[in-house]
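Below is the file data20.txt, which contains compact mmCIF, C-alpha atoms and all ligand atoms.
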```txt
# COMPACT_ATOMS: atom_id res chain seq x y z
CA MET A 1 0.00 0.00 0.00
CA ARG A 2 1.30 3.40 -0.97
CA LEU A 3 1.67 6.03 1.72
CA PHE A 4 -1.25 8.24 0.60
CA GLU A 5 -3.38 5.63 -1.11
CA GLY A 6 -7.04 6.44 -0.83
CA THR A 7 -6.43 9.93 0.53
CA GLU A 8 -6.69 13.22 -1.35
CA PHE A 9 -2.91 13.27 -1.64
CA ASP A 10 -3.08 10.22 -3.87
CA ARG A 11 -4.60 12.15 -6.78
CA PRO A 12 -2.37 12.78 -9.78
CA PRO A 13 -1.17 16.38 -10.05
CA THR A 14 -3.51 18.82 -11.81
CA CYS A 15 -2.91 22.19 -13.40
CA ASP A 16 -3.62 25.23 -11.21
CA GLN A 17 -4.96 27.19 -14.19
CA CYS A 18 -7.33 24.81 -16.00
CA GLY A 19 -7.75 22.00 -13.47
CA ASP A 20 -6.88 19.32 -16.05
CA LEU A 21 -4.42 16.61 -15.22
CA GLU A 22 -0.94 17.99 -15.72
CA GLN A 23 -0.26 15.41 -18.43
CA ASP A 24 -3.30 16.69 -20.43
CA CYS A 25 -2.82 20.38 -19.72
CA GLN A 26 -2.44 22.69 -22.72
CA CYS A 27 -1.97 25.93 -20.81
CA PRO A 28 0.86 28.19 -21.90
CA PRO A 29 3.59 28.40 -19.28
CA LEU A 30 3.11 31.15 -16.72
CA PRO A 31 5.33 34.18 -17.15
CA PRO A 32 8.28 34.14 -14.76
CA GLU A 33 7.47 35.69 -11.42
CA ARG A 34 8.94 39.11 -10.79
CA ILE A 35 10.73 39.94 -7.60
CA PRO A 36 9.10 42.99 -5.98
CA PRO A 37 11.42 46.02 -5.74
CA GLU A 38 11.40 46.02 -1.95
CA LYS A 39 12.96 42.55 -2.01
CA GLN A 40 15.85 43.74 -4.14
CA ILE A 41 18.98 45.48 -2.93
CA LEU A 42 20.67 47.39 -5.71
CA ARG A 43 24.15 48.80 -5.82
CA ILE A 44 24.93 52.08 -7.54
CA GLN A 45 28.36 53.32 -8.36
CA ALA A 46 29.94 55.93 -10.58
CA GLU A 47 32.81 54.45 -12.55
CA LYS A 48 35.41 55.97 -14.80
CA ARG A 49 35.70 54.56 -18.28
CA LYS A 50 37.99 55.08 -21.23
CA LYS A 51 38.90 58.70 -22.00
CA GLY A 52 37.82 59.72 -18.49
CA LYS A 53 34.13 59.26 -19.21
CA ILE A 54 31.99 58.67 -16.12
CA VAL A 55 29.13 56.18 -16.12
CA THR A 56 26.72 55.32 -13.33
CA VAL A 57 26.45 51.56 -12.93
CA ILE A 58 23.42 49.90 -11.30
CA ARG A 59 24.00 46.32 -10.19
CA ASP A 60 21.95 43.48 -8.71
CA ALA A 61 18.59 44.43 -10.24
CA ASP A 62 16.44 41.45 -11.16
CA GLU A 63 16.94 40.54 -14.81
CA LEU A 64 13.24 41.02 -15.56
CA ASP A 65 13.41 44.63 -14.34
CA LEU A 66 16.45 45.67 -16.33
CA SER A 67 14.85 47.10 -19.46
CA ASP A 68 12.07 48.93 -17.60
CA LEU A 69 14.56 50.39 -15.20
CA LYS A 70 16.92 51.43 -17.94
CA VAL A 71 14.17 53.42 -19.67
CA LYS A 72 13.11 55.08 -16.38
CA LEU A 73 16.64 56.04 -15.47
CA LYS A 74 17.52 57.28 -18.95
CA ASN A 75 14.47 59.53 -18.96
CA ALA A 76 15.08 60.78 -15.44
CA CYS A 77 18.71 61.59 -16.14
CA GLY A 78 18.27 62.70 -19.74
CA ALA A 79 21.26 60.56 -20.60
CA GLY A 80 22.06 57.51 -22.67
CA GLY A 81 21.96 54.10 -21.08
CA THR A 82 22.78 50.50 -21.87
CA ILE A 83 22.34 47.08 -20.34
CA LYS A 84 25.57 45.13 -20.08
CA ASP A 85 26.17 41.85 -18.26
CA ALA A 86 22.97 42.24 -16.20
CA THR A 87 23.96 45.74 -15.10
CA ILE A 88 22.56 49.07 -16.23
CA GLU A 89 24.93 51.82 -17.26
CA ILE A 90 23.83 55.42 -17.50
CA GLN A 91 26.14 57.97 -19.06
CA GLY A 92 27.43 60.54 -16.58
CA ASP A 93 27.52 60.71 -12.79
CA HIS A 94 23.93 60.45 -11.58
CA VAL A 95 24.44 58.42 -8.42
CA GLU A 96 22.37 60.64 -6.12
CA ARG A 97 19.54 61.19 -8.58
CA ILE A 98 19.32 57.49 -9.39
CA ARG A 99 19.46 56.50 -5.74
CA ARG A 100 16.50 58.77 -4.97
CA LEU A 101 14.55 57.52 -7.96
CA LEU A 102 15.10 53.85 -7.14
CA GLU A 103 14.08 54.41 -3.53
CA GLU A 104 10.97 56.25 -4.69
CA VAL A 105 9.81 53.23 -6.69
CA GLY A 106 10.52 50.95 -3.74
CA TYR A 107 13.95 49.46 -4.31
CA ARG A 108 16.44 49.20 -1.57
CA VAL A 109 19.76 50.74 -2.39
CA LYS A 110 23.11 50.00 -0.87
ZN ZN A 201 -3.63 23.83 -17.49
```
Before we go any further, please render this structure as structure tokens.
Ligand SMILES: [Zn+2]
Amino acid sequence: MRLFEGTEFDRPPTCDQCGDLEQDCQCPPLPPERIPPEKQILRIQAEKRKKGKIVTVIRDADELDLSDLKVKLKNACGAGGTIKDATIEIQGDHVERIRRLLEEVGYRVK
């Protein structure tokens, strides 16, 4: 006799969305869950690049937030920005402005 035989735990797994057995389910996969900003701790740092150019680098943001954040920060700073190796780079030194903006939308900033 199996451990849960005859109990409700013995039922085969069903889909949370359609209720069909998982083996019959045709639902599209759920989008990946986003981590809320208040659960993320971001690091911001101004760094010097080639030819003495300064960029503000934002690290440790969840990958799913990167493109939204980049757009927000670019607009707020009126500067160019790129995503590189899961970090966001904004042209120029905007550490204080970006720190305030990130905290306003709920991120924690180190
Ligand atoms: Zn389903």
Hey, can you pull every residue with an atom no more than 7 Å from (23.7, 50.4, -12.2), using all atoms listed in the file, and send it as a compact mmCIF listing (two decimals) with C-alpha atoms, keeping the file's coordinate frame?
```txt
# COMPACT_ATOMS: atom_id res chain seq x y z
CA ARG A 43 24.15 48.80 -5.82
CA ILE A 44 24.93 52.08 -7.54
CA GLN A 45 28.36 53.32 -8.36
CA THR A 56 26.72 55.32 -13.33
CA VAL A 57 26.45 51.56 -12.93
CA ILE A 58 23.42 49.90 -11.30
CA ARG A 59 24.00 46.32 -10.19
CA THR A 87 23.96 45.74 -15.10
CA ILE A 88 22.56 49.07 -16.23
CA GLU A 89 24.93 51.82 -17.26
```
Dump as CSV the rows for residues of chain A within 6 Å of ligand ZN 201 (chain A): closest atom pair and distance in Å with one decimal, all atoms listed in the file counted, ordered by chain and rising residue number.
```
residue,atom,partner,partner_atom,distance
A:Cys15,CA,A:ZN201,ZN,4.5
A:Gln17,CA,A:ZN201,ZN,4.9
A:Cys18,CA,A:ZN201,ZN,4.1
A:Asp20,CA,A:ZN201,ZN,5.7
A:Cys25,CA,A:ZN201,ZN,4.2
A:Gln26,CA,A:ZN201,ZN,5.5
A:Cys27,CA,A:ZN201,ZN,4.3
```
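Closest approach to Ile83 of chain A among A:Asp24, A:Glu63, A:Asp16, A:Glu96: A:Glu63, based on all atoms listed in the file.
If you measure from each of A:Asp68, A:Glu38, A:Asp62, A:Asp93 to Tyr107 of chain A using only C-alpha atoms, the closest one turns out to be A:Glu38.
The interatomic distance for the pair atom CA of Asp65 of chain A and atom CA of Val105 of chain A works out to 12.1 Å.
For the atom pair formed by atom CA of Leu64 of chain A and atom CA of Pro37 of chain A, the distance is 11.2 Å, given to one decimal.
Take atom CA of Val55 of chain A and atom CA of Arg99 of chain A: the distance between them is 14.2 Å.
Among the candidate residues A:Arg11, A:Arg34, A:His94, A:Arg100, the one lying nearest to Gly81 of chain A is A:His94, with distances computed using all atoms listed in the file.
Closest approach to Lys74 of chain A among A:Lys53, A:Leu101, A:Asp60, A:Gln40: A:Leu101, based on all atoms listed in the file.
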